[in-house]
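my_file37.txt (compact mmCIF, C-alpha atoms and all ligand atoms)
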```txt
# COMPACT_ATOMS: atom_id res chain seq x y z
CA MET A 1 -188.67 87.49 -12.77
CA ARG A 2 -189.65 85.25 -9.85
CA TYR A 3 -186.66 84.40 -7.67
CA GLY A 4 -185.82 82.38 -4.57
CA LEU A 5 -183.28 83.38 -1.93
CA VAL A 6 -181.11 81.08 0.21
CA GLY A 7 -179.54 82.89 3.17
CA ALA A 8 -182.56 85.20 3.11
CA SER A 9 -181.97 86.51 6.66
CA GLY A 10 -178.26 87.26 6.19
CA ARG A 11 -176.43 90.49 5.34
CA MET A 12 -176.22 89.62 1.65
CA GLY A 13 -179.82 88.38 1.77
CA GLY A 14 -180.86 91.93 2.74
CA GLU A 15 -178.76 93.46 -0.04
CA ILE A 16 -180.22 91.04 -2.60
CA ARG A 17 -183.80 91.96 -1.63
CA LYS A 18 -182.98 95.66 -2.19
CA ALA A 19 -181.20 95.10 -5.53
CA PHE A 20 -183.97 92.75 -6.76
CA ALA A 21 -186.80 95.10 -5.69
CA SER A 22 -188.40 95.11 -9.15
CA HIS A 23 -188.58 91.28 -9.15
CA GLU A 24 -190.82 88.92 -7.17
CA LEU A 25 -189.38 87.04 -4.20
CA CYS A 26 -191.45 83.83 -4.03
CA TYR A 27 -189.22 81.41 -2.11
CA THR A 28 -186.88 81.83 0.87
CA LEU A 29 -184.66 79.43 2.77
CA ASP A 30 -182.65 80.06 5.92
CA ILE A 31 -181.86 78.07 9.04
CA GLY A 32 -185.33 78.94 10.39
CA GLY A 33 -186.98 77.04 7.48
CA GLU A 34 -188.44 77.80 4.07
CA THR A 35 -191.31 79.87 2.70
CA CYS A 36 -192.82 79.13 -0.70
CA GLU A 37 -195.40 81.25 -2.53
CA GLY A 38 -194.68 80.27 -6.12
CA THR A 39 -192.17 78.70 -8.48
CA PRO A 40 -188.92 80.64 -8.79
CA GLU A 41 -187.24 80.95 -12.17
CA VAL A 42 -183.88 81.61 -10.49
CA MET A 43 -182.53 80.59 -7.09
CA VAL A 44 -179.98 82.98 -5.54
CA ASP A 45 -177.74 81.51 -2.82
CA PHE A 46 -175.58 83.71 -0.57
CA SER A 47 -175.41 81.61 2.58
CA LEU A 48 -173.01 78.97 3.94
CA PRO A 49 -171.62 75.79 2.33
CA SER A 50 -173.82 73.72 4.68
CA ALA A 51 -176.92 75.03 2.82
CA LEU A 52 -175.75 73.86 -0.61
CA GLY A 53 -177.47 70.42 -0.51
CA ALA A 54 -180.85 72.04 0.23
CA THR A 55 -180.24 74.69 -2.45
CA LEU A 56 -179.52 72.05 -5.12
CA ASP A 57 -182.62 70.07 -4.00
CA ALA A 58 -184.72 73.22 -4.47
CA VAL A 59 -183.16 73.93 -7.89
CA ARG A 60 -184.11 70.38 -8.97
CA ARG A 61 -187.61 70.66 -7.45
CA PHE A 62 -188.38 73.95 -9.26
CA SER A 63 -186.32 73.19 -12.42
CA CYS A 64 -184.90 76.67 -12.07
CA ALA A 65 -181.58 78.42 -12.72
CA LEU A 66 -179.07 79.10 -9.95
CA VAL A 67 -176.87 82.08 -9.03
CA LEU A 68 -174.36 80.87 -6.44
CA GLY A 69 -172.35 83.43 -4.47
CA THR A 70 -171.60 81.40 -1.33
CA THR A 71 -167.87 81.04 -0.61
CA GLY A 72 -165.93 78.32 1.19
CA ILE A 73 -167.53 75.49 -0.78
CA THR A 74 -165.38 72.37 -1.19
CA PRO A 75 -164.12 70.91 -4.49
CA GLU A 76 -166.59 68.00 -3.99
CA GLN A 77 -169.46 70.45 -3.57
CA MET A 78 -168.30 72.27 -6.72
CA ASP A 79 -168.58 68.92 -8.57
CA GLU A 80 -172.22 68.72 -7.40
CA VAL A 81 -172.84 72.25 -8.68
CA ARG A 82 -171.33 71.35 -12.06
CA TYR A 83 -173.57 68.25 -12.14
CA ALA A 84 -176.63 70.46 -11.55
CA ALA A 85 -175.46 72.64 -14.46
CA ARG A 86 -176.20 69.74 -16.85
CA THR A 87 -179.90 70.52 -16.44
CA SER A 88 -179.98 74.13 -15.13
CA ALA A 89 -178.22 77.38 -16.00
CA VAL A 90 -175.78 78.01 -13.13
CA VAL A 91 -173.79 81.22 -12.65
CA GLN A 92 -171.17 80.76 -9.93
CA SER A 93 -168.69 83.35 -8.72
CA PHE A 94 -166.84 83.98 -5.49
CA ASN A 95 -167.14 87.68 -6.32
CA PHE A 96 -169.97 89.39 -8.21
CA ALA A 97 -168.24 92.81 -8.38
CA ALA A 98 -167.51 93.77 -12.00
CA GLY A 99 -164.14 95.26 -10.94
CA VAL A 100 -162.93 91.94 -9.56
CA THR A 101 -163.72 90.27 -12.88
CA LEU A 102 -161.62 92.96 -14.60
CA PHE A 103 -158.88 92.36 -11.98
CA LYS A 104 -158.96 88.65 -12.86
CA MET A 105 -158.73 89.39 -16.60
CA ILE A 106 -155.79 91.80 -16.04
CA LEU A 107 -153.90 89.20 -13.97
CA ARG A 108 -154.50 86.49 -16.56
CA GLU A 109 -153.30 88.73 -19.40
CA PHE A 110 -150.41 90.61 -17.75
CA GLY A 111 -149.42 88.35 -14.80
CA PRO A 112 -146.88 86.45 -16.98
CA LEU A 113 -144.94 89.74 -17.44
CA PHE A 114 -144.14 89.56 -13.69
CA ALA A 115 -142.86 85.97 -13.86
CA ASP A 116 -139.48 86.86 -12.32
CA TRP A 117 -140.94 89.18 -9.62
CA ASP A 118 -142.07 88.01 -6.18
CA ALA A 119 -145.87 87.91 -5.90
CA GLU A 120 -147.97 88.00 -2.73
CA MET A 121 -151.59 88.91 -1.96
CA SER A 122 -153.43 90.46 0.97
CA GLU A 123 -157.17 90.37 1.53
CA THR A 124 -159.15 92.19 4.23
CA HIS A 125 -162.75 91.41 5.23
CA HIS A 126 -165.13 92.12 8.11
CA SER A 127 -164.52 90.21 11.33
CA ARG A 128 -167.59 87.98 10.90
CA LYS A 129 -166.36 86.35 7.66
CA LYS A 130 -166.04 82.60 8.18
CA ASP A 131 -163.67 81.46 5.39
CA ALA A 132 -160.01 82.37 4.81
CA PRO A 133 -158.46 82.92 2.35
CA SER A 134 -161.45 84.55 0.69
CA GLY A 135 -163.03 82.96 -2.39
CA THR A 136 -161.95 86.08 -4.28
CA ALA A 137 -158.30 85.54 -3.29
CA ILE A 138 -158.59 81.99 -4.63
CA LEU A 139 -160.03 83.12 -7.97
CA LEU A 140 -157.38 85.87 -8.33
CA ARG A 141 -154.64 83.35 -7.55
CA GLU A 142 -156.03 81.00 -10.19
CA ALA A 143 -156.06 83.86 -12.72
CA LEU A 144 -152.41 84.67 -11.89
CA GLY A 145 -151.57 80.99 -12.38
CA ARG A 146 -148.60 80.85 -10.00
CA ASP A 147 -147.73 80.44 -6.35
CA CYS A 148 -148.85 83.57 -4.47
CA PRO A 149 -148.73 83.51 -0.64
CA THR A 150 -151.94 85.10 0.67
CA HIS A 151 -152.42 87.05 3.91
CA SER A 152 -155.93 87.32 5.37
CA LEU A 153 -157.00 90.13 7.73
CA ARG A 154 -160.38 90.01 9.50
CA MET A 155 -161.34 93.36 10.99
CA GLY A 156 -164.20 95.81 11.39
CA GLY A 157 -166.89 95.99 8.71
CA VAL A 158 -164.72 95.91 5.57
CA PRO A 159 -166.84 94.51 2.65
CA GLY A 160 -163.72 93.22 0.78
CA ASP A 161 -160.26 94.55 -0.20
CA HIS A 162 -157.79 92.59 -2.34
CA THR A 163 -154.24 93.65 -3.26
CA VAL A 164 -151.69 91.78 -5.35
CA PHE A 165 -148.10 92.91 -4.72
CA PHE A 166 -145.28 92.29 -7.19
CA ALA A 167 -141.71 93.17 -6.09
CA ASN A 168 -138.17 92.86 -7.38
CA GLU A 169 -134.97 94.25 -5.86
CA GLY A 170 -135.76 97.85 -6.83
CA GLU A 171 -139.53 98.16 -7.37
CA VAL A 172 -142.90 97.35 -5.86
CA PHE A 173 -145.97 97.22 -8.11
CA THR A 174 -149.46 96.80 -6.58
CA LEU A 175 -152.95 96.25 -7.94
CA THR A 176 -155.88 96.80 -5.56
CA HIS A 177 -159.63 96.31 -5.72
CA ARG A 178 -161.81 97.70 -2.93
CA ALA A 179 -165.53 97.04 -2.59
CA ILE A 180 -166.97 100.20 -1.02
CA SER A 181 -170.36 98.64 -0.30
CA ARG A 182 -171.88 95.14 -0.19
CA SER A 183 -174.57 96.37 -2.57
CA VAL A 184 -172.12 95.99 -5.45
CA PHE A 185 -172.23 92.17 -5.05
CA ALA A 186 -176.03 92.20 -5.04
CA LEU A 187 -176.14 94.31 -8.22
CA GLY A 188 -173.78 91.81 -9.87
CA ALA A 189 -175.97 88.93 -8.68
CA LEU A 190 -178.97 90.70 -10.24
CA ARG A 191 -177.16 90.89 -13.57
CA ALA A 192 -176.27 87.19 -13.24
CA ALA A 193 -179.87 86.23 -12.35
CA GLU A 194 -181.33 88.12 -15.32
CA PHE A 195 -178.79 86.35 -17.53
CA ALA A 196 -179.42 82.90 -16.00
CA ALA A 197 -183.22 83.18 -16.31
CA GLY A 198 -182.85 83.24 -20.11
CA ALA A 199 -179.80 81.00 -20.51
CA LYS A 200 -179.49 77.37 -21.64
CA PRO A 201 -178.37 74.83 -19.03
CA GLY A 202 -174.64 75.14 -18.37
CA PHE A 203 -172.02 76.38 -15.93
CA TYR A 204 -171.26 80.08 -16.42
CA SER A 205 -168.73 82.37 -14.78
CA PHE A 206 -169.60 86.00 -13.97
CA GLU A 207 -167.01 86.91 -16.60
CA GLU A 208 -169.17 85.14 -19.18
CA VAL A 209 -172.23 87.05 -17.95
CA LEU A 210 -170.37 90.36 -18.36
CA THR A 211 -169.13 89.34 -21.81
CA CYS A 212 -172.65 88.22 -22.87
CA GLY A 213 -172.17 84.48 -22.46
CA ARG A 214 -169.03 84.21 -24.60
CA LYS A 215 -166.56 81.65 -23.25
CA THR A 216 -163.36 83.68 -22.75
CA SER A 217 -161.04 80.93 -21.49
P1 LIG A 301 -174.36 86.10 6.84
O1 LIG A 301 -173.75 85.27 7.91
O2 LIG A 301 -174.83 87.47 7.18
O3 LIG A 301 -175.60 85.33 6.17
C1 LIG A 301 -175.61 83.94 5.93
C2 LIG A 301 -177.04 83.47 6.03
O4 LIG A 301 -177.07 82.07 5.67
C3 LIG A 301 -177.60 83.59 7.45
O5 LIG A 301 -178.88 84.19 7.45
C4 LIG A 301 -177.64 82.14 7.94
O6 LIG A 301 -178.69 81.91 8.89
C5 LIG A 301 -177.90 81.42 6.62
N1 LIG A 301 -177.56 79.99 6.73
C6 LIG A 301 -176.51 79.45 7.36
N2 LIG A 301 -176.54 78.09 7.26
C7 LIG A 301 -177.65 77.81 6.54
C8 LIG A 301 -178.25 76.58 6.12
N3 LIG A 301 -177.69 75.39 6.39
N4 LIG A 301 -179.41 76.65 5.40
C9 LIG A 301 -179.97 77.84 5.10
N5 LIG A 301 -179.46 79.03 5.49
C10 LIG A 301 -178.32 79.00 6.20
O7 LIG A 301 -173.26 86.16 5.67
P2 LIG A 301 -173.21 87.17 4.44
O8 LIG A 301 -172.24 88.26 4.72
O9 LIG A 301 -174.61 87.49 4.00
O10 LIG A 301 -172.51 86.24 3.33
C11 LIG A 301 -173.17 85.07 2.88
C12 LIG A 301 -172.25 84.32 1.91
O11 LIG A 301 -172.04 85.11 0.74
C13 LIG A 301 -170.86 84.01 2.46
O12 LIG A 301 -170.46 82.75 1.99
C14 LIG A 301 -170.01 85.11 1.86
O13 LIG A 301 -168.64 84.79 1.79
C15 LIG A 301 -170.65 85.19 0.50
N6 LIG A 301 -170.42 86.42 -0.24
C16 LIG A 301 -170.21 86.29 -1.57
C17 LIG A 301 -170.05 87.40 -2.36
C18 LIG A 301 -169.88 87.21 -3.84
O14 LIG A 301 -169.81 88.22 -4.55
N7 LIG A 301 -169.84 85.98 -4.33
C19 LIG A 301 -170.09 88.68 -1.79
C20 LIG A 301 -170.33 88.79 -0.42
C21 LIG A 301 -170.51 87.65 0.35
```
As a first step, turn the structure in this file into structure tokens.
Ligand code: NAD
Amino acid sequence: MRYGLVGASGRMGGEIRKAFASHELCYTLDIGGETCEGTPEVMVDFSLPSALGATLDAVRRFSCALVLGTTGITPEQMDEVRYAARTSAVVQSFNFAAGVTLFKMILREFGPLFADWDAEMSETHHSRKKDAPSGTAILLREALGRDCPTHSLRMGGVPGDHTVFFANEGEVFTLTHRAISRSVFALGALRAAEFAAGAKPGFYSFEEVLTCGRKTS
């Protein structure tokens, strides 16, 4: 598979190169400019929201698929991504860890059982993370489908911890996901890219990738 990488010089850019070692990197884009040595079948973007316009231009130019992991993108930018999905396969997720997708599915299925409990969330990330709350907190909140005050900590080198707390007068119940290494996101992006390279145009969640393209909600 030939792939392109936006945010090629970043931390995730480095992890993606390692995880995609058996594939051919033929296009890169970062603030320093672009390199192009072929036509990518899939563009992988882990950068900043300000790069999204250039990423979508490149996806159009190469008629390729897109795996989008960048967080902090606005609802208007998400509309542009969905527009691109009319002609390209797009897999978008704020978290490419398989465990977070399971977390989301558990909250969607069992969250209603906690309807009369208080619910709050905490998320901890490394001190260089730009957006808060994290994209993952937003997707978990959406899966829970109710108001859930969210507390963001930015410290050290933490790749990403998310905890949902439920409490009533006598009990506290918590669910936690912890990413031990950034490489887990790159391995998920690899799975998404291999899926997208063979998929019909459309907008796919990582959950659909893990469940072989079946729409689950
Ligand atoms: P980083 O700051 O190390 O890397 C970002 C890279 O993007 C840098 O090399 C920077 O120069 C480049 N960049 C910035 N603006 C650009 C522009 N306009 N055009 C081209 N390149 C530009 O950050 P990181 O830790 O690698 O994370 C990158 C993104 O991935 C963030 O949005 C982060 O939240 C997200 N992320 C997503 C997941 C996921 O699973 N979806 C997991 C981890 C990180």
Please identify every residue of range 81-155 of chain A that has at least one atom no farther than 12 Å from an atom of range 2-19 of chain A, counting only C-alpha atoms, and for each give the shortest atom pair and the distance in Å to one decimal, arranged by chain then increasing number, as CSV.
```
residue,atom,partner,partner_atom,distance
A:Phe96,CA,A:Met12,CA,11.7
A:His126,CA,A:Arg11,CA,11.7
A:Arg128,CA,A:Arg11,CA,10.7
A:Lys129,CA,A:Arg11,CA,11.1
```
Go ahead and save the picked residues with C-alpha atoms, as a short mmCIF file (atom, residue, chain, number, x, y, z; two decimals), in the frame of the given file.
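Result saved to selection-v5.cif:
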```cif
data_model
loop_
_atom_site.label_atom_id
_atom_site.label_comp_id
_atom_site.auth_asym_id
_atom_site.auth_seq_id
_atom_site.Cartn_x
_atom_site.Cartn_y
_atom_site.Cartn_z
CA PHE A 96 -169.97 89.39 -8.21
CA HIS A 126 -165.13 92.12 8.11
CA ARG A 128 -167.59 87.98 10.90
CA LYS A 129 -166.36 86.35 7.66
#
```
Given the point (-164.9, 90.2, -8.3) in the coordinates of this file, which residues lie within 10 Å, counting all atoms listed in the file, and how would they look as a PDB file with C-alpha atoms, in the coordinates of the input?
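Generated output (part01.pdb):
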```
ATOM      1  CA  SER A  93    -168.690  83.350  -8.720  1.00  0.00           C
ATOM      2  CA  PHE A  94    -166.840  83.980  -5.490  1.00  0.00           C
ATOM      3  CA  ASN A  95    -167.140  87.680  -6.320  1.00  0.00           C
ATOM      4  CA  PHE A  96    -169.970  89.390  -8.210  1.00  0.00           C
ATOM      5  CA  ALA A  97    -168.240  92.810  -8.380  1.00  0.00           C
ATOM      6  CA  ALA A  98    -167.510  93.770 -12.000  1.00  0.00           C
ATOM      7  CA  GLY A  99    -164.140  95.260 -10.940  1.00  0.00           C
ATOM      8  CA  VAL A 100    -162.930  91.940  -9.560  1.00  0.00           C
ATOM      9  CA  THR A 101    -163.720  90.270 -12.880  1.00  0.00           C
ATOM     10  CA  LEU A 102    -161.620  92.960 -14.600  1.00  0.00           C
ATOM     11  CA  PHE A 103    -158.880  92.360 -11.980  1.00  0.00           C
ATOM     12  CA  LYS A 104    -158.960  88.650 -12.860  1.00  0.00           C
ATOM     13  CA  GLY A 135    -163.030  82.960  -2.390  1.00  0.00           C
ATOM     14  CA  THR A 136    -161.950  86.080  -4.280  1.00  0.00           C
ATOM     15  CA  ALA A 137    -158.300  85.540  -3.290  1.00  0.00           C
ATOM     16  CA  LEU A 139    -160.030  83.120  -7.970  1.00  0.00           C
ATOM     17  CA  LEU A 140    -157.380  85.870  -8.330  1.00  0.00           C
ATOM     18  CA  GLY A 160    -163.720  93.220   0.780  1.00  0.00           C
ATOM     19  CA  HIS A 162    -157.790  92.590  -2.340  1.00  0.00           C
ATOM     20  CA  HIS A 177    -159.630  96.310  -5.720  1.00  0.00           C
ATOM     21  CA  ARG A 178    -161.810  97.700  -2.930  1.00  0.00           C
ATOM     22  CA  ALA A 179    -165.530  97.040  -2.590  1.00  0.00           C
ATOM     23  CA  VAL A 184    -172.120  95.990  -5.450  1.00  0.00           C
ATOM     24  CA  PHE A 185    -172.230  92.170  -5.050  1.00  0.00           C
ATOM     25  CA  GLY A 188    -173.780  91.810  -9.870  1.00  0.00           C
ATOM     26  CA  PHE A 206    -169.600  86.000 -13.970  1.00  0.00           C
ATOM     27  CA  GLU A 207    -167.010  86.910 -16.600  1.00  0.00           C
TER      28      GLU A 207
END
```
Requested in this report: Would you mind listing what lies within 10 Å of range 39-53 of chain A as a PyMOL selection string, with only C-alpha atoms counted and same-chain residues fewer than 4 positions away left out?
Outcome: chain A and resi 1-13+16+24-31+57-59+61-74+77-78+80-81+88-92+130-131+186+189-190+192-198
Ligand LIG 301 (chain A) proximity check over A:Leu144, A:Ala54, A:Leu175, A:Cys36, using only C-alpha atoms and all ligand atoms: winner is A:Ala54
Calculate, to one decimal in Å, the centre and edge lengths of the box along x, y and z of the file that holds all listed atoms of range 113-129 of chain A with 5 Å of margin on each side, and present them as AutoDock Vina command-line options.
```
--center_x -153.5 --center_y 89.1 --center_z -3.1 --size_x 38.1 --size_y 16.2 --size_z 38.8
```
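Note that the spacing between CA of Tyr204 in chain A and CA of Thr55 in chain A amounts to 17.5 Å.
Counting from CA of Thr35 in chain A, the distance to atom C15 of ligand LIG 301 (chain A) is 21.4 Å.
Shortest separation to ligand LIG 301 (chain A) among A:Gly111, A:Gly33, A:Gly145, A:Pro201 occurs at residue A:Gly33, atoms counted being all atoms listed in the file.
Atom to atom, CA of Glu120 in chain A and CA of Pro149 in chain A stand 5.0 Å apart.
Candidate residues A:Leu56, A:Cys148, A:Cys212, A:Leu113 were compared for distance to ligand LIG 301 (chain A), and the nearest is A:Leu56, using all atoms listed in the file.
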